[in-house]
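**Q** Contents are mmCIF, C-alpha atoms and all ligand atoms; file name data.cif:
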data_start
loop_
_atom_site.group_PDB
_atom_site.id
_atom_site.type_symbol
_atom_site.label_atom_id
_atom_site.label_comp_id
_atom_site.auth_asym_id
_atom_site.auth_seq_id
_atom_site.Cartn_x
_atom_site.Cartn_y
_atom_site.Cartn_z
ATOM 1 C CA MET A 1 39.394 10.079 24.736
ATOM 2 C CA PRO A 2 38.248 12.133 27.754
ATOM 3 C CA TYR A 3 34.574 11.101 27.563
ATOM 4 C CA GLU A 4 33.538 7.542 28.329
ATOM 5 C CA TYR A 5 30.041 6.524 27.313
ATOM 6 C CA GLU A 6 27.961 3.533 26.244
ATOM 7 C CA THR A 7 28.490 2.885 22.540
ATOM 8 C CA ASP A 8 26.437 -0.293 22.039
ATOM 9 C CA GLY A 9 22.996 0.667 20.711
ATOM 10 C CA ALA A 10 21.357 -2.562 21.883
ATOM 11 C CA ALA A 11 22.831 -2.119 25.363
ATOM 12 C CA ILE A 12 21.576 1.485 25.498
ATOM 13 C CA TYR A 13 18.034 0.358 24.646
ATOM 14 C CA LYS A 14 18.212 -2.524 27.156
ATOM 15 C CA GLN A 15 19.362 -0.230 29.957
ATOM 16 C CA SER A 16 16.731 2.406 29.082
ATOM 17 C CA PHE A 17 13.856 -0.064 29.097
ATOM 18 C CA ALA A 18 15.099 -1.633 32.357
ATOM 19 C CA THR A 19 15.255 1.822 33.970
ATOM 20 C CA ILE A 20 11.724 2.642 32.809
ATOM 21 C CA ARG A 21 10.355 -0.681 34.051
ATOM 22 C CA SER A 22 11.972 -0.186 37.464
ATOM 23 C CA GLU A 23 10.899 3.456 37.887
ATOM 24 C CA ALA A 24 7.506 3.816 36.162
ATOM 25 C CA ASP A 25 4.188 2.710 37.604
ATOM 26 C CA LEU A 26 2.956 0.366 34.883
ATOM 27 C CA THR A 27 0.597 -1.680 37.044
ATOM 28 C CA ARG A 28 -2.668 -0.568 35.432
ATOM 29 C CA PHE A 29 -1.601 -1.650 31.926
ATOM 30 C CA ASP A 30 -2.073 -5.095 30.417
ATOM 31 C CA PRO A 31 1.107 -6.608 28.858
ATOM 32 C CA ASP A 32 0.377 -5.255 25.355
ATOM 33 C CA GLU A 33 -0.433 -1.773 26.663
ATOM 34 C CA GLU A 34 2.650 -1.864 28.883
ATOM 35 C CA GLN A 35 4.905 -2.494 25.871
ATOM 36 C CA VAL A 36 3.427 0.567 24.127
ATOM 37 C CA ALA A 37 3.527 2.767 27.241
ATOM 38 C CA VAL A 38 7.185 1.882 27.909
ATOM 39 C CA ARG A 39 8.170 2.957 24.400
ATOM 40 C CA MET A 40 6.210 6.197 24.735
ATOM 41 C CA ILE A 41 7.966 6.967 28.049
ATOM 42 C CA HIS A 42 11.284 6.121 26.370
ATOM 43 C CA ALA A 43 10.635 8.588 23.528
ATOM 44 C CA ALA A 44 9.646 11.325 25.984
ATOM 45 C CA GLY A 45 12.521 10.608 28.375
ATOM 46 C CA MET A 46 9.959 11.055 31.091
ATOM 47 C CA VAL A 47 8.999 8.566 33.754
ATOM 48 C CA GLY A 48 5.641 9.830 34.976
ATOM 49 C CA LEU A 49 4.218 10.124 31.466
ATOM 50 C CA GLU A 50 2.385 6.845 32.142
ATOM 51 C CA GLU A 51 -0.039 8.703 34.406
ATOM 52 C CA PHE A 52 -1.362 10.526 31.334
ATOM 53 C CA VAL A 53 -1.352 7.608 28.877
ATOM 54 C CA HIS A 54 -4.780 6.089 28.293
ATOM 55 C CA PHE A 55 -5.815 3.190 26.064
ATOM 56 C CA SER A 56 -9.389 2.323 25.290
ATOM 57 C CA PRO A 57 -10.213 -1.395 25.675
ATOM 58 C CA GLY A 58 -8.917 -3.427 22.740
ATOM 59 C CA PHE A 59 -6.852 -0.554 21.324
ATOM 60 C CA VAL A 60 -3.545 -2.413 20.935
ATOM 61 C CA ALA A 61 -5.206 -5.511 19.439
ATOM 62 C CA ALA A 62 -7.222 -3.385 16.983
ATOM 63 C CA ALA A 63 -4.179 -1.388 15.887
ATOM 64 C CA ARG A 64 -1.913 -4.449 15.639
ATOM 65 C CA THR A 65 -4.467 -6.500 13.702
ATOM 66 C CA ALA A 66 -4.947 -3.611 11.285
ATOM 67 C CA LEU A 67 -1.205 -3.481 10.607
ATOM 68 C CA GLU A 68 -0.988 -7.272 10.234
ATOM 69 C CA ASN A 69 -3.823 -7.080 7.694
ATOM 70 C CA GLY A 70 -1.856 -4.528 5.675
ATOM 71 C CA ALA A 71 -3.588 -1.320 6.758
ATOM 72 C CA PRO A 72 -1.833 1.963 6.021
ATOM 73 C CA ILE A 73 -0.598 4.306 8.749
ATOM 74 C CA LEU A 74 -1.993 7.839 8.324
ATOM 75 C CA CYS A 75 0.173 10.538 9.922
ATOM 76 C CA ASP A 76 -0.503 14.239 10.503
ATOM 77 C CA ALA A 77 3.122 15.367 10.259
ATOM 78 C CA ARG A 78 6.242 14.242 8.452
ATOM 79 C CA MET A 79 7.960 14.065 11.836
ATOM 80 C CA VAL A 80 5.588 11.210 12.627
ATOM 81 C CA SER A 81 5.737 9.451 9.251
ATOM 82 C CA GLU A 82 9.544 9.637 9.073
ATOM 83 C CA GLY A 83 9.876 8.068 12.515
ATOM 84 C CA VAL A 84 8.115 4.827 11.629
ATOM 85 C CA THR A 85 10.793 2.123 11.533
ATOM 86 C CA ARG A 86 9.862 0.346 8.318
ATOM 87 C CA PHE A 87 11.508 -2.984 9.134
ATOM 88 C CA ARG A 88 9.108 -3.450 12.064
ATOM 89 C CA LEU A 89 6.004 -3.193 9.891
ATOM 90 C CA PRO A 90 4.360 -6.614 9.587
ATOM 91 C CA ALA A 91 2.946 -6.167 6.065
ATOM 92 C CA ASP A 92 5.218 -3.584 4.459
ATOM 93 C CA ASN A 93 2.427 -1.137 5.347
ATOM 94 C CA GLU A 94 2.123 2.142 3.504
ATOM 95 C CA VAL A 95 2.952 5.203 5.635
ATOM 96 C CA ILE A 96 1.008 8.217 4.379
ATOM 97 C CA CYS A 97 1.456 11.902 5.262
ATOM 98 C CA PRO A 98 -0.075 14.224 2.655
ATOM 99 C CA LEU A 99 0.668 17.421 4.646
ATOM 100 C CA HIS A 100 3.152 18.646 2.046
ATOM 101 C CA ASP A 101 1.046 17.678 -0.975
ATOM 102 C CA GLU A 102 0.619 20.678 -3.309
ATOM 103 C CA ARG A 103 -3.181 20.452 -3.015
ATOM 104 C CA VAL A 104 -3.143 21.053 0.748
ATOM 105 C CA ARG A 105 -2.282 24.748 0.960
ATOM 106 C CA PRO A 106 -5.116 25.908 -1.375
ATOM 107 C CA LEU A 107 -7.492 23.482 0.301
ATOM 108 C CA ALA A 108 -6.612 24.923 3.715
ATOM 109 C CA ALA A 109 -7.260 28.444 2.416
ATOM 110 C CA LYS A 110 -10.619 27.341 1.025
ATOM 111 C CA MET A 111 -11.553 25.559 4.261
ATOM 112 C CA GLY A 112 -10.288 28.418 6.430
ATOM 113 C CA ASN A 113 -8.361 25.876 8.471
ATOM 114 C CA THR A 114 -4.745 24.827 9.040
ATOM 115 C CA ARG A 115 -2.811 22.767 6.510
ATOM 116 C CA SER A 116 -2.696 19.987 9.077
ATOM 117 C CA ALA A 117 -6.497 19.781 9.145
ATOM 118 C CA ALA A 118 -6.904 20.205 5.387
ATOM 119 C CA ALA A 119 -4.445 17.359 4.706
ATOM 120 C CA LEU A 120 -6.901 14.934 6.318
ATOM 121 C CA GLU A 121 -9.225 15.409 3.359
ATOM 122 C CA LEU A 122 -6.581 13.541 1.350
ATOM 123 C CA TRP A 123 -6.756 10.676 3.866
ATOM 124 C CA ARG A 124 -10.306 9.790 2.837
ATOM 125 C CA PRO A 125 -9.474 7.111 0.215
ATOM 126 C CA HIS A 126 -7.115 5.413 2.719
ATOM 127 C CA LEU A 127 -9.081 5.880 5.948
ATOM 128 C CA GLU A 128 -11.133 2.677 6.095
ATOM 129 C CA GLY A 129 -9.403 0.283 8.537
ATOM 130 C CA ALA A 130 -6.253 2.432 8.788
ATOM 131 C CA LEU A 131 -4.112 3.160 11.845
ATOM 132 C CA VAL A 132 -4.229 6.928 12.462
ATOM 133 C CA ALA A 133 -1.229 8.581 14.167
ATOM 134 C CA ILE A 134 -1.718 12.244 15.114
ATOM 135 C CA GLY A 135 1.273 13.533 17.072
ATOM 136 C CA ASN A 136 1.484 17.212 16.303
ATOM 137 C CA ALA A 137 -1.613 19.106 15.267
ATOM 138 C CA PRO A 138 -4.675 19.536 17.494
ATOM 139 C CA THR A 139 -6.572 20.876 14.471
ATOM 140 C CA ALA A 140 -5.954 17.576 12.664
ATOM 141 C CA LEU A 141 -7.505 15.615 15.521
ATOM 142 C CA PHE A 142 -10.481 17.979 15.749
ATOM 143 C CA HIS A 143 -11.010 17.748 11.986
ATOM 144 C CA LEU A 144 -10.867 13.952 12.092
ATOM 145 C CA LEU A 145 -13.506 13.904 14.841
ATOM 146 C CA ASN A 146 -15.710 16.178 12.725
ATOM 147 C CA MET A 147 -15.205 13.935 9.676
ATOM 148 C CA LEU A 148 -16.186 10.879 11.737
ATOM 149 C CA GLU A 149 -19.436 12.550 12.814
ATOM 150 C CA ASP A 150 -20.596 11.756 9.263
ATOM 151 C CA PRO A 151 -21.796 8.119 9.283
ATOM 152 C CA ASP A 152 -20.733 7.797 5.627
ATOM 153 C CA CYS A 153 -17.113 8.686 6.428
ATOM 154 C CA PRO A 154 -14.820 5.629 6.265
ATOM 155 C CA ARG A 155 -13.673 4.559 9.742
ATOM 156 C CA PRO A 156 -10.098 3.880 10.802
ATOM 157 C CA ALA A 157 -9.331 0.763 12.872
ATOM 158 C CA ALA A 158 -7.679 2.745 15.667
ATOM 159 C CA ILE A 159 -6.487 6.257 16.506
ATOM 160 C CA ILE A 160 -3.325 7.353 18.300
ATOM 161 C CA GLY A 161 -4.320 10.891 19.270
ATOM 162 C CA CYS A 162 -1.363 12.571 20.947
ATOM 163 C CA PRO A 163 -1.087 16.154 19.657
ATOM 164 C CA VAL A 164 1.015 18.424 21.844
ATOM 165 C CA GLY A 165 0.797 22.033 22.946
ATOM 166 C CA PHE A 166 -1.200 24.812 24.464
ATOM 167 C CA VAL A 167 -3.986 25.581 21.982
ATOM 168 C CA GLY A 168 -6.420 22.750 21.378
ATOM 169 C CA ALA A 169 -4.246 19.835 22.428
ATOM 170 C CA VAL A 170 -6.015 19.192 25.742
ATOM 171 C CA GLU A 171 -9.446 19.833 24.237
ATOM 172 C CA SER A 172 -8.994 17.701 21.098
ATOM 173 C CA LYS A 173 -7.751 14.721 23.125
ATOM 174 C CA ASP A 174 -10.569 15.092 25.655
ATOM 175 C CA ALA A 175 -13.003 15.166 22.734
ATOM 176 C CA LEU A 176 -11.502 11.987 21.258
ATOM 177 C CA TRP A 177 -11.654 10.273 24.635
ATOM 178 C CA GLN A 178 -15.305 11.261 25.114
ATOM 179 C CA ALA A 179 -16.396 10.341 21.580
ATOM 180 C CA GLN A 180 -14.351 7.104 21.249
ATOM 181 C CA PRO A 181 -15.345 6.708 17.581
ATOM 182 C CA VAL A 182 -12.915 3.749 17.383
ATOM 183 C CA PRO A 183 -10.377 2.281 19.854
ATOM 184 C CA SER A 184 -7.952 5.035 20.772
ATOM 185 C CA CYS A 185 -4.837 5.971 22.705
ATOM 186 C CA ILE A 186 -4.212 9.441 24.121
ATOM 187 C CA VAL A 187 -1.711 11.274 26.273
ATOM 188 C CA GLN A 188 -3.999 13.417 28.378
ATOM 189 C CA GLY A 189 -3.086 17.080 28.859
ATOM 190 C CA ARG A 190 -0.556 19.266 27.060
ATOM 191 C CA LEU A 191 2.032 16.518 26.720
ATOM 192 C CA GLY A 192 2.306 14.588 23.483
ATOM 193 C CA GLY A 193 4.214 15.104 20.259
ATOM 194 C CA SER A 194 5.519 13.365 17.202
ATOM 195 C CA ALA A 195 8.201 11.331 18.979
ATOM 196 C CA ILE A 196 5.801 9.887 21.569
ATOM 197 C CA THR A 197 3.246 9.125 18.860
ATOM 198 C CA VAL A 198 5.611 7.365 16.527
ATOM 199 C CA ALA A 199 7.039 5.420 19.462
ATOM 200 C CA ALA A 200 3.522 4.058 20.010
ATOM 201 C CA VAL A 201 3.311 3.069 16.329
ATOM 202 C CA ASN A 202 6.692 1.340 16.511
ATOM 203 C CA ALA A 203 5.706 -0.554 19.667
ATOM 204 C CA ILE A 204 2.433 -1.686 18.105
ATOM 205 C CA ALA A 205 4.315 -2.865 15.023
ATOM 206 C CA SER A 206 6.693 -4.945 17.196
ATOM 207 C CA ARG A 207 5.363 -8.167 18.700
ATOM 208 C CA ALA A 208 7.729 -8.218 21.710
ATOM 209 C CA GLU A 209 10.564 -6.083 23.004
HETATM 210 C C1 LIG B 301 0.176 25.645 15.761
HETATM 211 C C2 LIG B 301 1.118 24.589 15.293
HETATM 212 C C3 LIG B 301 1.793 23.871 16.392
HETATM 213 N N1 LIG B 301 2.970 23.187 16.173
HETATM 214 C C4 LIG B 301 3.448 22.654 17.281
HETATM 215 C C5 LIG B 301 4.715 22.074 17.497
HETATM 216 C C6 LIG B 301 5.666 21.790 16.561
HETATM 217 N N2 LIG B 301 5.504 21.966 15.227
HETATM 218 C C7 LIG B 301 6.665 21.847 14.568
HETATM 219 C C8 LIG B 301 6.693 21.795 13.131
HETATM 220 C C9 LIG B 301 7.991 21.694 12.393
HETATM 221 C C10 LIG B 301 5.502 21.816 12.316
HETATM 222 N N3 LIG B 301 4.299 22.182 12.791
HETATM 223 C C11 LIG B 301 3.274 22.325 11.735
HETATM 224 C C12 LIG B 301 2.349 21.109 11.791
HETATM 225 C C13 LIG B 301 2.443 23.634 12.086
HETATM 226 N N4 LIG B 301 2.339 23.733 13.538
HETATM 227 C C14 LIG B 301 1.302 24.312 13.986
HETATM 228 C C15 LIG B 301 0.397 24.700 12.806
HETATM 229 C C16 LIG B 301 0.609 26.203 12.516
HETATM 230 C C17 LIG B 301 -1.085 24.441 13.043
HETATM 231 C C18 LIG B 301 -1.379 23.055 13.610
HETATM 232 C C19 LIG B 301 -2.476 23.037 14.651
HETATM 233 O O1 LIG B 301 -2.595 23.977 15.451
HETATM 234 O O2 LIG B 301 -3.195 22.037 14.718
HETATM 235 C C20 LIG B 301 0.985 23.791 11.662
HETATM 236 C C21 LIG B 301 0.890 24.333 10.231
HETATM 237 C C22 LIG B 301 -0.469 24.075 9.623
HETATM 238 O O3 LIG B 301 -0.969 24.956 8.914
HETATM 239 O O4 LIG B 301 -1.051 22.997 9.835
HETATM 240 C C23 LIG B 301 4.177 22.380 10.434
HETATM 241 C C24 LIG B 301 3.483 21.845 9.209
HETATM 242 C C25 LIG B 301 4.668 23.819 10.184
HETATM 243 C C26 LIG B 301 5.609 23.907 8.975
HETATM 244 O O5 LIG B 301 6.819 23.737 9.158
HETATM 245 O O6 LIG B 301 5.154 24.149 7.887
HETATM 246 C C27 LIG B 301 5.456 21.535 10.838
HETATM 247 C C28 LIG B 301 5.336 20.009 10.584
HETATM 248 C C29 LIG B 301 6.234 19.537 9.481
HETATM 249 C C30 LIG B 301 6.155 18.032 9.313
HETATM 250 O O7 LIG B 301 6.615 17.273 10.194
HETATM 251 O O8 LIG B 301 5.629 17.545 8.309
HETATM 252 C C31 LIG B 301 7.772 21.842 15.626
HETATM 253 C C32 LIG B 301 9.046 21.057 15.308
HETATM 254 C C33 LIG B 301 8.018 23.276 16.077
HETATM 255 C C34 LIG B 301 9.030 24.161 15.425
HETATM 256 O O9 LIG B 301 9.398 24.018 14.261
HETATM 257 O O10 LIG B 301 9.424 25.092 16.140
HETATM 258 C C35 LIG B 301 7.011 21.256 16.848
HETATM 259 C C36 LIG B 301 7.003 19.723 16.846
HETATM 260 C C37 LIG B 301 6.175 19.107 17.962
HETATM 261 C C38 LIG B 301 5.972 17.650 17.721
HETATM 262 O O11 LIG B 301 6.380 16.859 18.603
HETATM 263 O O12 LIG B 301 5.403 17.259 16.689
HETATM 264 C C39 LIG B 301 2.405 22.693 18.354
HETATM 265 C C40 LIG B 301 2.971 23.011 19.743
HETATM 266 C C41 LIG B 301 1.807 21.309 18.333
HETATM 267 C C42 LIG B 301 1.413 23.792 17.846
HETATM 268 C C43 LIG B 301 -0.095 23.458 18.106
HETATM 269 C C44 LIG B 301 -0.585 23.749 19.499
HETATM 270 C C45 LIG B 301 -0.162 25.033 20.135
HETATM 271 O O13 LIG B 301 -0.331 25.108 21.358
HETATM 272 O O14 LIG B 301 0.286 25.992 19.509
#
Reformat the file's structure so that it appears as structure tokens.

**A**
Amino acid sequence: MPYEYETDGAAIYKQSFATIRSEADLTRFDPDEEQVAVRMIHAAGMVGLEEFVHFSPGFVAAARTALENGAPILCDARMVSEGVTRFRLPADNEVICPLHDERVRPLAAKMGNTRSAAALELWRPHLEGALVAIGNAPTALFHLLNMLEDPDCPRPAAIIGCPVGFVGAVESKDALWQAQPVPSCIVQGRLGGSAITVAAVNAIASRAE
């Protein structure tokens, strides 16, 4: 075998987390936030991401309590929903991503919006007290903020708002951070994505690493 490499999954994780903790500046996070930030950095493979990670006060506790109480996790993309490691979930929580539901495409056409935004209309019956995980679509985050402008709209317990990209990602996350409709976590700027977002969900679902 010409290539030698680490083959023990647990050892790989241990070494990764040790590297992150030695290289990243985690000083401004409390212990719960630090656990989430480390996993987000791990998913991105990018020490330095921590500079852009922001938690509103009480975010981790709100998100964790929601999961412990059996709240569903509402995801904008299948790449997020598929990444949730089910065995970590404290209450066998439902993971919901209606993006590919047959009702979404016609709804999007009617709304004149993306499928990602239209899919959030199917979140409504599940939204009260849920953990929201938006890791791909800026339009989904903007649409959620518009929905939450209505005082009669059910309110999630917490929002992970980490869409990625060049059109609307910066603006939608800035808007979430300004509005703070519920405790939230963002990755400021263009960075973000499904992997980083689901890493935050998986860290929240785990009590300790
Ligand atoms: C404009 C869109 C963006 N997508 C990005 C990055 C990635 N998207 C992937 C994939 C496979 C999917 N993206 C869709 C959500 C699709 N992407 C869009 C939309 C056109 C609009 C969303 C928005 O602007 O808010 C969106 C379609 C829609 O009508 O909502 C997806 C549904 C497209 C599809 O395959 O049908 C699909 C998600 C499938 C799923 O998981 O359920 C990528 C893997 C790219 C690729 O395939 O080449 C990648 C994944 C990034 C990630 O980490 O999640 C952007 C960059 C986010 C971009 C929005 C911003 C921009 O600057 O353009």

**Q** Evaluate the PyMOL selection byres (((not hetatm)) within 7 of (chain B and resi 301)) on the structure here and hand back the selected residues as a list in words.

**A**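 Applied to this file, the PyMOL selection byres (((not hetatm)) within 7 of (chain B and resi 301)) selects Ala77, Arg78, Met79, Val80, Leu99, His100, Thr114, Arg115, Ser116, Ala117, Gly135, Asn136, Ala137, Pro138, Thr139, Ala140, Pro163, Val164, Gly165, Phe166, Val167, Gly168, Ala169, Gly192, Gly193, Ser194 and Ala195 of chain A.
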
**Q** Kindly resolve the PyMOL selection byres (((chain A and resi 63) around 12) and not hetatm) on the present coordinates and return the residues as a ChimeraX atom specification.

**A** /A:32-33,36,55-62,64-73,89-90,129-133,156-160,182-185,200-206

**Q** Measure the distance from CA of Asp92 in chain A to CA of His42 in chain A in Å and round it to one decimal.

**A**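 Going from CA of Asp92 in chain A over to CA of His42 in chain A, I get 24.7 Å.
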
**Q** For CA of Ser81 in chain A and CA of Ala43 in chain A, quote the distance in Å rounded to one decimal.

**A**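 Those two atoms sit 15.1 Å apart.
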
**Q** Show which residues sit within 12 Å of Val53 in chain A, as an NGL selection string. Count all atoms listed in the file, and ignore same-chain residues fewer than 4 positions away.

**A** :A and (25-26 or 28-29 or 33-34 or 36-41 or 44 or 47-49 or 160-162 or 173 or 177 or 184-192 or 196-197 or 200)

**Q** Determine the nearest neighbour of Glu23 in chain A from the options A:Glu82, A:Glu50, A:Glu102, A:Glu94, counting all atoms listed in the file.

**A**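 Smallest distance to Glu23 in chain A is found for A:Glu50.
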
**Q** One number please: CA of Glu171 in chain A to CA of Ala108 in chain A, in Å, one decimal.

**A** 21.3 Å

**Q** Taking the file as shown, find all residues satisfying the PyMOL selection byres (((chain A and resi 143-151) around 9) and not hetatm) and write them as a short mmCIF file (atom, residue, chain, number, x, y, z; two decimals) with C-alpha atoms, keeping the file's coordinate frame.

**A**
data_model
loop_
_atom_site.label_atom_id
_atom_site.label_comp_id
_atom_site.auth_asym_id
_atom_site.auth_seq_id
_atom_site.Cartn_x
_atom_site.Cartn_y
_atom_site.Cartn_z
CA ALA A 117 -6.50 19.78 9.14
CA ALA A 118 -6.90 20.20 5.39
CA LEU A 120 -6.90 14.93 6.32
CA GLU A 121 -9.22 15.41 3.36
CA PRO A 138 -4.68 19.54 17.49
CA THR A 139 -6.57 20.88 14.47
CA ALA A 140 -5.95 17.58 12.66
CA LEU A 141 -7.50 15.62 15.52
CA PHE A 142 -10.48 17.98 15.75
CA ASP A 152 -20.73 7.80 5.63
CA CYS A 153 -17.11 8.69 6.43
CA PRO A 154 -14.82 5.63 6.26
CA ARG A 155 -13.67 4.56 9.74
CA SER A 172 -8.99 17.70 21.10
CA ALA A 175 -13.00 15.17 22.73
CA LEU A 176 -11.50 11.99 21.26
CA ALA A 179 -16.40 10.34 21.58
CA PRO A 181 -15.34 6.71 17.58
#
